[in-house]
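Text of target-v4.pdb, listed as PDB, C-alpha atoms:
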```pdb
ATOM      1  CA  MET H   1      39.209 -20.115  21.726  1.00  0.00           C
ATOM      2  CA  LEU H   2      41.308 -18.308  19.127  1.00  0.00           C
ATOM      3  CA  SER H   3      39.178 -19.672  16.291  1.00  0.00           C
ATOM      4  CA  ALA H   4      36.115 -18.103  17.915  1.00  0.00           C
ATOM      5  CA  PHE H   5      37.753 -14.675  17.669  1.00  0.00           C
ATOM      6  CA  LYS H   6      38.790 -15.257  14.059  1.00  0.00           C
ATOM      7  CA  SER H   7      35.208 -16.069  13.065  1.00  0.00           C
ATOM      8  CA  ILE H   8      33.983 -12.610  14.166  1.00  0.00           C
ATOM      9  CA  PRO H   9      33.654 -10.339  11.116  1.00  0.00           C
ATOM     10  CA  THR H  10      35.729  -7.183  11.425  1.00  0.00           C
ATOM     11  CA  HIS H  11      35.047  -5.411   8.138  1.00  0.00           C
ATOM     12  CA  MET H  12      32.575  -2.787   7.049  1.00  0.00           C
ATOM     13  CA  ASP H  13      31.837  -1.774   3.457  1.00  0.00           C
ATOM     14  CA  TYR H  14      32.047   1.815   2.211  1.00  0.00           C
ATOM     15  CA  LYS H  15      28.309   2.452   2.352  1.00  0.00           C
ATOM     16  CA  GLY H  16      28.266   0.981   5.852  1.00  0.00           C
ATOM     17  CA  GLN H  17      31.058   3.333   6.895  1.00  0.00           C
ATOM     18  CA  LYS H  18      29.091   6.278   5.567  1.00  0.00           C
ATOM     19  CA  LEU H  19      25.950   5.127   7.394  1.00  0.00           C
ATOM     20  CA  ALA H  20      27.876   4.608  10.644  1.00  0.00           C
ATOM     21  CA  GLU H  21      29.394   8.094  10.365  1.00  0.00           C
ATOM     22  CA  GLN H  22      25.965   9.660   9.763  1.00  0.00           C
ATOM     23  CA  ILE H  23      24.444   7.808  12.720  1.00  0.00           C
ATOM     24  CA  PHE H  24      27.372   8.787  14.942  1.00  0.00           C
ATOM     25  CA  GLN H  25      27.120  12.469  14.011  1.00  0.00           C
ATOM     26  CA  GLY H  26      23.340  12.482  14.359  1.00  0.00           C
ATOM     27  CA  ILE H  27      23.376  10.978  17.847  1.00  0.00           C
ATOM     28  CA  ILE H  28      26.126  13.352  18.992  1.00  0.00           C
ATOM     29  CA  LEU H  29      24.235  16.353  17.586  1.00  0.00           C
ATOM     30  CA  VAL H  30      20.919  15.349  19.176  1.00  0.00           C
ATOM     31  CA  SER H  31      22.516  14.590  22.548  1.00  0.00           C
ATOM     32  CA  ALA H  32      24.379  17.923  22.453  1.00  0.00           C
ATOM     33  CA  ALA H  33      21.166  19.828  21.768  1.00  0.00           C
ATOM     34  CA  ILE H  34      19.210  17.959  24.449  1.00  0.00           C
ATOM     35  CA  GLY H  35      22.074  18.312  26.939  1.00  0.00           C
ATOM     36  CA  PHE H  36      22.444  22.023  26.284  1.00  0.00           C
ATOM     37  CA  ILE H  37      18.728  22.729  26.590  1.00  0.00           C
ATOM     38  CA  TYR H  38      18.330  20.635  29.734  1.00  0.00           C
ATOM     39  CA  GLY H  39      21.516  21.963  31.350  1.00  0.00           C
ATOM     40  CA  PHE H  40      20.553  25.543  30.524  1.00  0.00           C
ATOM     41  CA  SER H  41      17.031  25.118  31.896  1.00  0.00           C
ATOM     42  CA  ILE H  42      18.186  23.760  35.263  1.00  0.00           C
ATOM     43  CA  GLN H  43      21.397  25.866  35.297  1.00  0.00           C
ATOM     44  CA  GLN H  44      23.675  22.817  35.746  1.00  0.00           C
ATOM     45  CA  PHE H  45      26.524  22.406  33.288  1.00  0.00           C
ATOM     46  CA  GLY H  46      27.268  18.948  34.718  1.00  0.00           C
ATOM     47  CA  TRP H  47      24.028  17.553  33.320  1.00  0.00           C
ATOM     48  CA  THR H  48      24.984  18.830  29.877  1.00  0.00           C
ATOM     49  CA  VAL H  49      28.230  16.889  30.099  1.00  0.00           C
ATOM     50  CA  TYR H  50      26.504  13.746  31.394  1.00  0.00           C
ATOM     51  CA  ILE H  51      23.954  13.779  28.571  1.00  0.00           C
ATOM     52  CA  MET H  52      26.727  14.334  26.010  1.00  0.00           C
ATOM     53  CA  LEU H  53      28.713  11.414  27.456  1.00  0.00           C
ATOM     54  CA  ALA H  54      25.622   9.201  27.365  1.00  0.00           C
ATOM     55  CA  GLY H  55      25.061  10.136  23.708  1.00  0.00           C
ATOM     56  CA  PHE H  56      28.706   9.392  22.950  1.00  0.00           C
ATOM     57  CA  ALA H  57      28.461   5.979  24.635  1.00  0.00           C
ATOM     58  CA  ILE H  58      25.266   5.104  22.756  1.00  0.00           C
ATOM     59  CA  SER H  59      26.728   6.205  19.437  1.00  0.00           C
ATOM     60  CA  CYS H  60      29.890   4.171  20.047  1.00  0.00           C
ATOM     61  CA  LEU H  61      27.814   1.106  20.876  1.00  0.00           C
ATOM     62  CA  LEU H  62      25.776   1.503  17.693  1.00  0.00           C
ATOM     63  CA  THR H  63      28.556   2.390  15.247  1.00  0.00           C
ATOM     64  CA  LEU H  64      31.885   0.877  16.316  1.00  0.00           C
ATOM     65  CA  PRO H  65      31.071  -2.850  16.101  1.00  0.00           C
ATOM     66  CA  PRO H  66      30.668  -4.066  12.504  1.00  0.00           C
ATOM     67  CA  TRP H  67      26.969  -4.874  12.764  1.00  0.00           C
ATOM     68  CA  PRO H  68      25.400  -6.715   9.784  1.00  0.00           C
ATOM     69  CA  VAL H  69      23.568  -3.549   8.736  1.00  0.00           C
ATOM     70  CA  TYR H  70      26.982  -2.056   7.856  1.00  0.00           C
ATOM     71  CA  ARG H  71      28.000  -5.050   5.699  1.00  0.00           C
ATOM     72  CA  LYS H  72      25.154  -5.189   3.164  1.00  0.00           C
ATOM     73  CA  ASN H  73      27.129  -3.926   0.134  1.00  0.00           C
ATOM     74  CA  PRO H  74      30.387  -5.891  -0.129  1.00  0.00           C
ATOM     75  CA  LEU H  75      32.924  -5.070  -2.818  1.00  0.00           C
ATOM     76  CA  ASN H  76      33.433  -7.484  -5.678  1.00  0.00           C
ATOM     77  CA  TRP H  77      37.193  -7.834  -5.955  1.00  0.00           C
ATOM     78  CA  GLN H  78      38.860  -8.777  -9.203  1.00  0.00           C
ATOM     79  CA  PRO H  79      40.625 -12.135  -9.197  1.00  0.00           C
ATOM     80  CA  ALA H  80      44.369 -12.068  -8.623  1.00  0.00           C
ATOM     81  CA  VAL H  81      46.535 -12.243 -11.727  1.00  0.00           C
ATOM     82  CA  PRO H  82      48.991 -15.125 -11.410  1.00  0.00           C
ATOM     83  CA  GLU H  83      52.633 -14.190 -11.995  1.00  0.00           C
ATOM     84  CA  THR H  84      54.818 -16.437 -14.067  1.00  0.00           C
ATOM     85  CA  SER H  85      58.048 -17.461 -12.386  1.00  0.00           C
ATOM     86  CA  GLY H  86      60.333 -16.480 -15.303  1.00  0.00           C
ATOM     87  CA  GLU H  87      58.895 -13.017 -15.828  1.00  0.00           C
ATOM     88  CA  ILE H  88      60.253 -10.161 -13.760  1.00  0.00           C
ATOM     89  CA  ARG H  89      58.105  -7.092 -13.594  1.00  0.00           C
ATOM     90  CA  ASP H  90      59.721  -3.706 -13.158  1.00  0.00           C
ATOM     91  CA  LYS H  91      57.966  -0.872 -11.507  1.00  0.00           C
ATOM     92  CA  PRO H  92      57.079   1.902 -13.971  1.00  0.00           C
ATOM     93  CA  GLN H  93      59.278   4.360 -12.071  1.00  0.00           C
ATOM     94  CA  GLU H  94      62.313   2.086 -12.276  1.00  0.00           C
ATOM     95  CA  SER H  95      61.946   1.383 -15.984  1.00  0.00           C
ATOM     96  CA  GLN H  96      62.084   5.061 -16.898  1.00  0.00           C
ATOM     97  CA  LYS H  97      65.513   6.606 -17.327  1.00  0.00           C
ATOM     98  CA  LYS H  98      66.302   8.954 -14.473  1.00  0.00           C
ATOM     99  CA  LYS H  99      67.457  12.433 -15.359  1.00  0.00           C
ATOM    100  CA  LYS H 100      70.609  13.774 -13.815  1.00  0.00           C
ATOM    101  CA  HIS H 101      70.482  17.349 -12.617  1.00  0.00           C
ATOM    102  CA  LYS H 102      73.590  19.492 -12.914  1.00  0.00           C
TER     103      LYS H 102
END
```
Written form, structure tokens:
Amino acid sequence: MLSAFKSIPTHMDYKGQKLAEQIFQGIILVSAAIGFIYGFSIQQFGWTVYIMLAGFAISCLLTLPPWPVYRKNPLNWQPAVPETSGEIRDKPQESQKKKKHK
């Protein structure tokens, strides 16, 4: 059962994140406009809220899961550099001499 959860992809590339954000904002904007116009025409603010909530739910369903459309441009990572066991690497900040303030 646990292996089934581990096989589900959970990543999204940068272009996919941008696309998901644009889709999310577009759906929210369209649902807000439709909700405002409809609520104003029938003079019921509740319908405006319901339409906005429906748009939010639809946008969450379309953008929160990492659908394959959001994973089309994966990053090519550089291979890891193996460290030798005898070599100790200092951080650049630690290797510089610290100045003492008076």
- Item | Surrounding residues of H:Leu62 excluding itself and chain neighbours under 5 positions, 10 Å, only C-alpha atoms, as a list of chain:residue names |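 Here the qualifying residues turn out to be H:Ala20, H:Ile23, H:Phe24, H:Ile27, H:Phe56, H:Ala57, H:Trp67.
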- Item | Nearest candidate to H:Lys15 (options H:Ala54, H:Met1, H:Ile42, H:Val69; using all atoms listed in the file) | H:Val69
- Item | Contacts of H:Val30 at 12 Å (only C-alpha atoms; same-chain gap of 3+ positions) as a PyMOL selection string | chain H and resi 23-27+33-37+48+51-52+54-56+58-59
- Task: Could you tell me which residues the PyMOL selection byres ((chain H and resi 68) around 10) grabs in this file, written as an MDAnalysis selection string?
- Result: chainID H and resid 9 11:12 16 65:67 69:72
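In this model, the gap between atom CA of H:Ala32 and atom CA of H:Leu61 comes to 17.2 Å.
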With all atoms of stretch 4-15 of chain H from the file as input, state the centre and edge lengths in Å to one decimal of the axis-aligned box that has 4 Å extra on each side, as JSON.
```
{"center_x": 33.5, "center_y": -7.8, "center_z": 10.1, "size_x": 18.5, "size_y": 28.6, "size_z": 23.7}
```
- Query: Of the residues H:His101, H:Leu75, H:Val81, H:Thr63, which is the one nearest to H:Leu19, using only C-alpha atoms?
  - Reply: H:Thr63
- Computed interatomic separation between atom CA of H:Leu64 and atom CA of H:Ser3 (Å): 21.8 Å
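Using all atoms listed in the file for every distance, the candidate list H:Pro82, H:Cys60, H:Trp77, H:Phe45 yields H:Cys60 as the residue closest to H:Glu21.
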